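*Asks:* Here it is, the structure, as structure tokens.
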Amino acid sequence: VLARSALCAGRSGLRQFRAMNDPLHHATSTEMLKDSEIIVGDITNEDDLATAMEGVGAVVMCTSAVPQIKKWSIVKLLFKKKILRRKDAGRPSFKFIPNGTPEEVDWLGARNQIDAAKKAGVGHFIFVSSMGGTDSDNFLNTIGRQTDGSGGDILLWKRRAERYLIASGLSYTIVHPGGLVDEEAGKRELVVDVDDKLMATSTSRTVPRADLARVCIAALFEEKAKNSAFDLASKAPDAEGSVVTDDASDVFKFLKGKTCSYDSVSGARVPPSIPALR
């Protein structure tokens with residue numbers, strides 16, 4: 001989606017770096033993407049990243065740990081609902097694949113990409129993260145968490161990597177999208193704010209992937225996007241009074257200079273993203 005958005009905006013010379021465990025890495029490129037260079041590698045491998053970053057002017061980082069549902073938890077859930085007739089049967093359980101935990105992907109892997117970009121002299125680094133990072137008790141942080149409290153914390157590891165990027169000296173843009181949906185770009189009004197305020201005030205916490213891609217491409221060329229971190233969502237297509245955002249770069253005008261604060265994280269847990277960067 002990101003590559004298509006760049007090409008539609010008239011940008012060429014694309015290089016896509018895909019993780020080896022990405023199910024798309026072996027897919028055949030479409031006619032539209034035939035001129036894109038695809039490099040398959042490992043974000044924990046310095047040589048792979050050095051090759052990917054060589055001669056690159058800007059990076060849009062979209063890597064993320066991906067949870068897998070535990071099949072047995074579905075069985076237990078169905079048993080509680082169908083047999084025991086429980087109204088609140090709970091939620092299914094999730095896990096992360098070996099070498100694919102949030103700490104390994106969203107912290108160490110992201111840090112490696114930031115370091116490689118800085119070493120290669122990349123001009124601008126766009127970090128696609130997620131909303132919810134200000135709350136250690138967010139449900140997404142519980143995915144993959146063990147009984148001893150270790151594991152999980154995907155949003156908090158992302159947040160730590162974001163802080164690392166800010167401290168790196170690279171020119172950056174950090175985007176915290178809401179829930180991603182598969183819809184056509186340019187059909188919704190995009191809304192922005194900071195510090196997860198949209199989670200409390202917005203009637204819609206979703207945004208089309210294609211619109212997120214448009215915003216990322218716009219950030220590469222918009223001066224107001226530099227060194228900013230913000231949350232991105234959209235209004236429902238049928239929302240009363242909504243006005244479609246035709247120009248994705250307008251979101252940076254909507255921000256009016258605001259950027260996310262990284263001073264604190266709420267919640268009961270002491271997350272791994274809080275200690276000083278090291």
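Identifiers in the structure tokens: chain A, B, ... in order shown; residue index from 1 per chain; ligand index from 1 in order shown.
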Write out as a ChimeraX atom specification the residues lying within 10 Å of stretch 100-110 of chain A, counting only C-alpha atoms and excluding same-chain residues fewer than 3 positions away.
*Replies:* /A:21,42-45,61-67,95-97,113-116,127,129,141,143-144,151-162,164-165,272-273
*Asks:* Excluding A:Ile126 and residues on its chain fewer than 3 positions from it, collect all residues at most 12 Å away from it, counting only C-alpha atoms, and give them as a PyMOL selection string.
*Replies:* chain A and resi 57-63+110+113-114+117+122-123+129+162+165-166+170-176+212-213+215-221+225-230
*Asks:* Just to be explicit: take each residue in the selection above, keep N, CA and C atoms, and write the result as a CSV table (one decimal), in the first residue's frame.
*Replies:*
```
chain,number,residue,atom,x,y,z
A,57,GLY,N,17.5,7.9,0.7
A,57,GLY,CA,17.3,9.3,1.2
A,57,GLY,C,16.4,9.3,2.4
A,58,ALA,N,15.4,8.4,2.5
A,58,ALA,CA,14.4,8.4,3.6
A,58,ALA,C,13.9,7.0,3.8
A,59,VAL,N,13.5,6.7,5.0
A,59,VAL,CA,13.0,5.4,5.5
A,59,VAL,C,11.6,5.6,6.0
A,60,VAL,N,10.7,4.7,5.7
A,60,VAL,CA,9.4,4.5,6.3
A,60,VAL,C,9.4,3.2,7.0
A,61,MET,N,9.5,3.1,8.3
A,61,MET,CA,9.6,1.8,9.0
A,61,MET,C,8.2,1.4,9.5
A,62,CYS,N,7.8,0.2,9.0
A,62,CYS,CA,6.5,-0.3,9.3
A,62,CYS,C,6.6,-1.7,10.0
A,63,THR,N,7.8,-2.1,10.5
A,63,THR,CA,7.9,-3.4,11.1
A,63,THR,C,7.2,-3.5,12.4
A,110,ALA,N,13.7,-2.3,15.8
A,110,ALA,CA,13.6,-0.9,15.4
A,110,ALA,C,14.8,-0.1,15.7
A,113,GLN,N,17.3,-0.6,13.0
A,113,GLN,CA,17.0,0.1,11.8
A,113,GLN,C,17.3,1.6,11.9
A,114,ILE,N,17.1,2.1,13.1
A,114,ILE,CA,17.5,3.5,13.3
A,114,ILE,C,19.0,3.7,13.3
A,117,ALA,N,20.1,3.5,9.7
A,117,ALA,CA,19.8,4.7,8.9
A,117,ALA,C,20.7,5.8,9.2
A,122,VAL,N,20.8,8.6,6.2
A,122,VAL,CA,19.5,8.8,5.8
A,122,VAL,C,19.0,10.2,6.2
A,123,GLY,N,18.3,10.9,5.3
A,123,GLY,CA,17.8,12.2,5.6
A,123,GLY,C,16.6,12.3,6.5
A,129,SER,N,4.0,3.6,14.1
A,129,SER,CA,3.8,3.0,15.4
A,129,SER,C,2.4,2.6,15.6
A,162,GLU,N,10.6,4.7,19.9
A,162,GLU,CA,10.3,6.1,19.4
A,162,GLU,C,11.2,7.1,20.2
A,165,LEU,N,14.6,7.0,18.7
A,165,LEU,CA,14.7,7.7,17.4
A,165,LEU,C,14.8,9.2,17.7
A,166,ILE,N,14.0,9.7,18.6
A,166,ILE,CA,14.0,11.1,18.9
A,166,ILE,C,15.4,11.6,19.4
A,170,LEU,N,18.4,12.0,14.2
A,170,LEU,CA,17.9,11.9,12.8
A,170,LEU,C,16.6,12.8,12.7
A,171,SER,N,16.4,13.3,11.5
A,171,SER,CA,15.1,14.0,11.3
A,171,SER,C,14.1,12.9,11.2
A,172,TYR,N,12.9,13.1,11.9
A,172,TYR,CA,12.0,12.0,12.1
A,172,TYR,C,10.5,12.5,12.0
A,173,THR,N,9.6,11.6,11.7
A,173,THR,CA,8.2,11.8,11.9
A,173,THR,C,7.7,10.5,12.5
A,174,ILE,N,6.9,10.5,13.6
A,174,ILE,CA,6.4,9.4,14.2
A,174,ILE,C,4.8,9.4,14.1
A,175,VAL,N,4.3,8.4,13.5
A,175,VAL,CA,2.8,8.4,13.3
A,175,VAL,C,2.2,7.2,14.2
A,176,HIS,N,1.2,7.6,15.0
A,176,HIS,CA,0.5,6.6,15.8
A,176,HIS,C,-0.9,6.4,15.1
A,212,LEU,N,-3.2,6.1,5.7
A,212,LEU,CA,-1.9,6.2,6.4
A,212,LEU,C,-0.7,6.3,5.5
A,213,ALA,N,-0.8,5.5,4.4
A,213,ALA,CA,0.3,5.5,3.4
A,213,ALA,C,0.4,6.9,2.8
A,215,VAL,N,-0.3,9.7,4.2
A,215,VAL,CA,0.2,10.7,5.2
A,215,VAL,C,1.7,10.4,5.3
A,216,CYS,N,2.2,9.2,5.3
A,216,CYS,CA,3.6,8.9,5.4
A,216,CYS,C,4.4,9.5,4.2
A,217,ILE,N,3.8,9.4,3.0
A,217,ILE,CA,4.5,9.9,1.8
A,217,ILE,C,4.5,11.5,1.9
A,218,ALA,N,3.4,12.0,2.4
A,218,ALA,CA,3.3,13.5,2.5
A,218,ALA,C,4.4,14.0,3.5
A,219,ALA,N,4.6,13.2,4.6
A,219,ALA,CA,5.6,13.6,5.6
A,219,ALA,C,7.0,13.7,5.1
A,220,LEU,N,7.3,13.0,4.0
A,220,LEU,CA,8.6,13.0,3.4
A,220,LEU,C,8.9,14.4,2.8
A,221,PHE,N,7.9,15.1,2.5
A,221,PHE,CA,8.1,16.4,1.7
A,221,PHE,C,7.5,17.6,2.4
A,225,ALA,N,6.2,18.4,9.1
A,225,ALA,CA,6.2,17.0,9.6
A,225,ALA,C,7.5,16.6,10.3
A,226,LYS,N,8.5,17.4,10.1
A,226,LYS,CA,9.8,17.1,10.6
A,226,LYS,C,9.8,17.2,12.2
A,227,ASN,N,10.4,16.2,12.8
A,227,ASN,CA,10.5,16.1,14.2
A,227,ASN,C,9.2,16.3,15.0
A,228,SER,N,8.2,15.6,14.5
A,228,SER,CA,6.9,15.6,15.1
A,228,SER,C,6.4,14.2,15.3
A,229,ALA,N,5.6,14.0,16.4
A,229,ALA,CA,5.0,12.7,16.7
A,229,ALA,C,3.5,13.0,17.0
A,230,PHE,N,2.6,12.2,16.3
A,230,PHE,CA,1.2,12.5,16.4
A,230,PHE,C,0.4,11.2,16.2
```
*Asks:* Report, in Å to a single decimal, how far apart atom CA of A:Asn112 and atom CA of A:Ala233 are.
*Replies:*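 Pair atom CA of A:Ala233 / atom CA of A:Asn112 returns 28.2 Å.
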*Asks:* Would you list, as a PyMOL selection string, the residues of stretch 34-235 of chain A that end up in strand (DSSP E or B) under DSSP run on this structure's backbone?
*Replies:* chain A and resi 37-41+58-61+68-69+94-95+124-128+135+172-177+179-181+190-193+206-208+228-234
*Asks:* For a quick check of understanding, using only C-alpha atoms, which of A:Ser242, A:Thr201, A:Thr51, A:Ser249 has the smallest distance to A:Glu223?
*Replies:* A:Ser249
*Asks:* Dump as CSV the rows for residues of stretch 130-187 of chain A within 6 Å of stretch 251-271 of chain A: closest atom pair and distance in Å with one decimal, only C-alpha atoms counted, ordered by chain and rising residue number.
*Replies:*
```
residue,atom,partner,partner_atom,distance
A:Thr134,CA,A:Val265,CA,4.6
A:Asp135,CA,A:Ser266,CA,4.8
A:Ser136,CA,A:Gly267,CA,4.9
A:Asp137,CA,A:Gly267,CA,5.3
```
*Asks:* Pull N, CA and C atoms from the residues just selected and write them as an mmCIF file, in the first residue's frame.
*Replies:*
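The new file out27.cif reads:
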```cif
data_model
loop_
_atom_site.group_PDB
_atom_site.id
_atom_site.type_symbol
_atom_site.label_atom_id
_atom_site.label_comp_id
_atom_site.auth_asym_id
_atom_site.auth_seq_id
_atom_site.Cartn_x
_atom_site.Cartn_y
_atom_site.Cartn_z
ATOM 1 N N THR A 134 0.564 5.511 25.594
ATOM 2 C CA THR A 134 0.637 6.259 26.848
ATOM 3 C C THR A 134 0.044 5.484 28.024
ATOM 4 N N ASP A 135 -0.537 4.317 27.759
ATOM 5 C CA ASP A 135 -1.220 3.555 28.809
ATOM 6 C C ASP A 135 -0.631 2.152 28.912
ATOM 7 N N SER A 136 0.054 1.880 30.007
ATOM 8 C CA SER A 136 0.667 0.558 30.174
ATOM 9 C C SER A 136 -0.377 -0.535 30.317
ATOM 10 N N ASP A 137 -1.628 -0.168 30.658
ATOM 11 C CA ASP A 137 -2.688 -1.160 30.846
ATOM 12 C C ASP A 137 -3.500 -1.401 29.574
#
```
*Asks:* So which residues touch A:Ala52 within 8 Å, counting only C-alpha atoms, skipping near sequence neighbours fewer than 4 positions away, as a PyMOL selection string?
*Replies:* chain A and resi 15+17+39+48+56
*Asks:* Generate the output file for the selected residues, all heavy atoms, as a PDB file, in the first residue's frame.
*Replies:*
```pdb
ATOM      1  N   ARG A  15      12.707   1.353  -2.687  1.00  0.00           N
ATOM      2  CA  ARG A  15      13.353   0.137  -2.232  1.00  0.00           C
ATOM      3  C   ARG A  15      12.565  -0.392  -1.043  1.00  0.00           C
ATOM      4  O   ARG A  15      12.368   0.307  -0.051  1.00  0.00           O
ATOM      5  CB  ARG A  15      14.802   0.401  -1.818  1.00  0.00           C
ATOM      6  CG  ARG A  15      15.535  -0.850  -1.304  1.00  0.00           C
ATOM      7  CD  ARG A  15      16.969  -0.535  -0.933  1.00  0.00           C
ATOM      8  NE  ARG A  15      17.731  -0.134  -2.107  1.00  0.00           N
ATOM      9  CZ  ARG A  15      18.955   0.423  -2.040  1.00  0.00           C
ATOM     10  NH1 ARG A  15      19.506   0.664  -0.870  1.00  0.00           N
ATOM     11  NH2 ARG A  15      19.584   0.752  -3.145  1.00  0.00           N
ATOM     12  N   PHE A  17      12.287  -3.121   1.963  1.00  0.00           N
ATOM     13  CA  PHE A  17      12.999  -4.102   2.779  1.00  0.00           C
ATOM     14  C   PHE A  17      11.965  -4.902   3.545  1.00  0.00           C
ATOM     15  O   PHE A  17      11.202  -4.353   4.330  1.00  0.00           O
ATOM     16  CB  PHE A  17      13.945  -3.404   3.754  1.00  0.00           C
ATOM     17  CG  PHE A  17      14.723  -4.358   4.622  1.00  0.00           C
ATOM     18  CD1 PHE A  17      15.852  -5.001   4.136  1.00  0.00           C
ATOM     19  CD2 PHE A  17      14.333  -4.617   5.925  1.00  0.00           C
ATOM     20  CE1 PHE A  17      16.572  -5.878   4.930  1.00  0.00           C
ATOM     21  CE2 PHE A  17      15.042  -5.497   6.733  1.00  0.00           C
ATOM     22  CZ  PHE A  17      16.167  -6.125   6.238  1.00  0.00           C
ATOM     23  N   ILE A  39      14.268  -6.037  -1.171  1.00  0.00           N
ATOM     24  CA  ILE A  39      15.354  -6.717  -0.482  1.00  0.00           C
ATOM     25  C   ILE A  39      14.759  -7.479   0.687  1.00  0.00           C
ATOM     26  O   ILE A  39      14.056  -6.901   1.531  1.00  0.00           O
ATOM     27  CB  ILE A  39      16.404  -5.709   0.038  1.00  0.00           C
ATOM     28  CG1 ILE A  39      17.030  -4.946  -1.132  1.00  0.00           C
ATOM     29  CG2 ILE A  39      17.470  -6.432   0.858  1.00  0.00           C
ATOM     30  CD1 ILE A  39      17.998  -3.870  -0.700  1.00  0.00           C
ATOM     31  N   ASP A  48      22.470  -6.969   6.520  1.00  0.00           N
ATOM     32  CA  ASP A  48      21.231  -6.857   5.745  1.00  0.00           C
ATOM     33  C   ASP A  48      20.730  -5.423   5.750  1.00  0.00           C
ATOM     34  O   ASP A  48      20.314  -4.878   4.716  1.00  0.00           O
ATOM     35  CB  ASP A  48      20.151  -7.775   6.321  1.00  0.00           C
ATOM     36  CG  ASP A  48      20.395  -9.243   6.006  1.00  0.00           C
ATOM     37  OD1 ASP A  48      21.361  -9.542   5.276  1.00  0.00           O
ATOM     38  OD2 ASP A  48      19.627 -10.088   6.497  1.00  0.00           O
ATOM     39  N   VAL A  56      19.986   5.391   0.425  1.00  0.00           N
ATOM     40  CA  VAL A  56      18.574   5.719   0.651  1.00  0.00           C
ATOM     41  C   VAL A  56      18.446   7.115   1.265  1.00  0.00           C
ATOM     42  O   VAL A  56      19.169   7.459   2.199  1.00  0.00           O
ATOM     43  CB  VAL A  56      17.926   4.663   1.578  1.00  0.00           C
ATOM     44  CG1 VAL A  56      16.545   5.119   2.035  1.00  0.00           C
ATOM     45  CG2 VAL A  56      17.830   3.331   0.865  1.00  0.00           C
TER      46      VAL A  56
END
```
*Asks:* Where in stretch 42-138 of chain A does DSSP assign helix (DSSP H, G or I), given as a ChimeraX atom specification?
*Replies:* /A:46-53,71-83,102-120
*Asks:* How many Å separate atom CA of A:Arg205 from atom CA of A:Asp193?
*Replies:*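 Those two atoms sit 11.7 Å apart.
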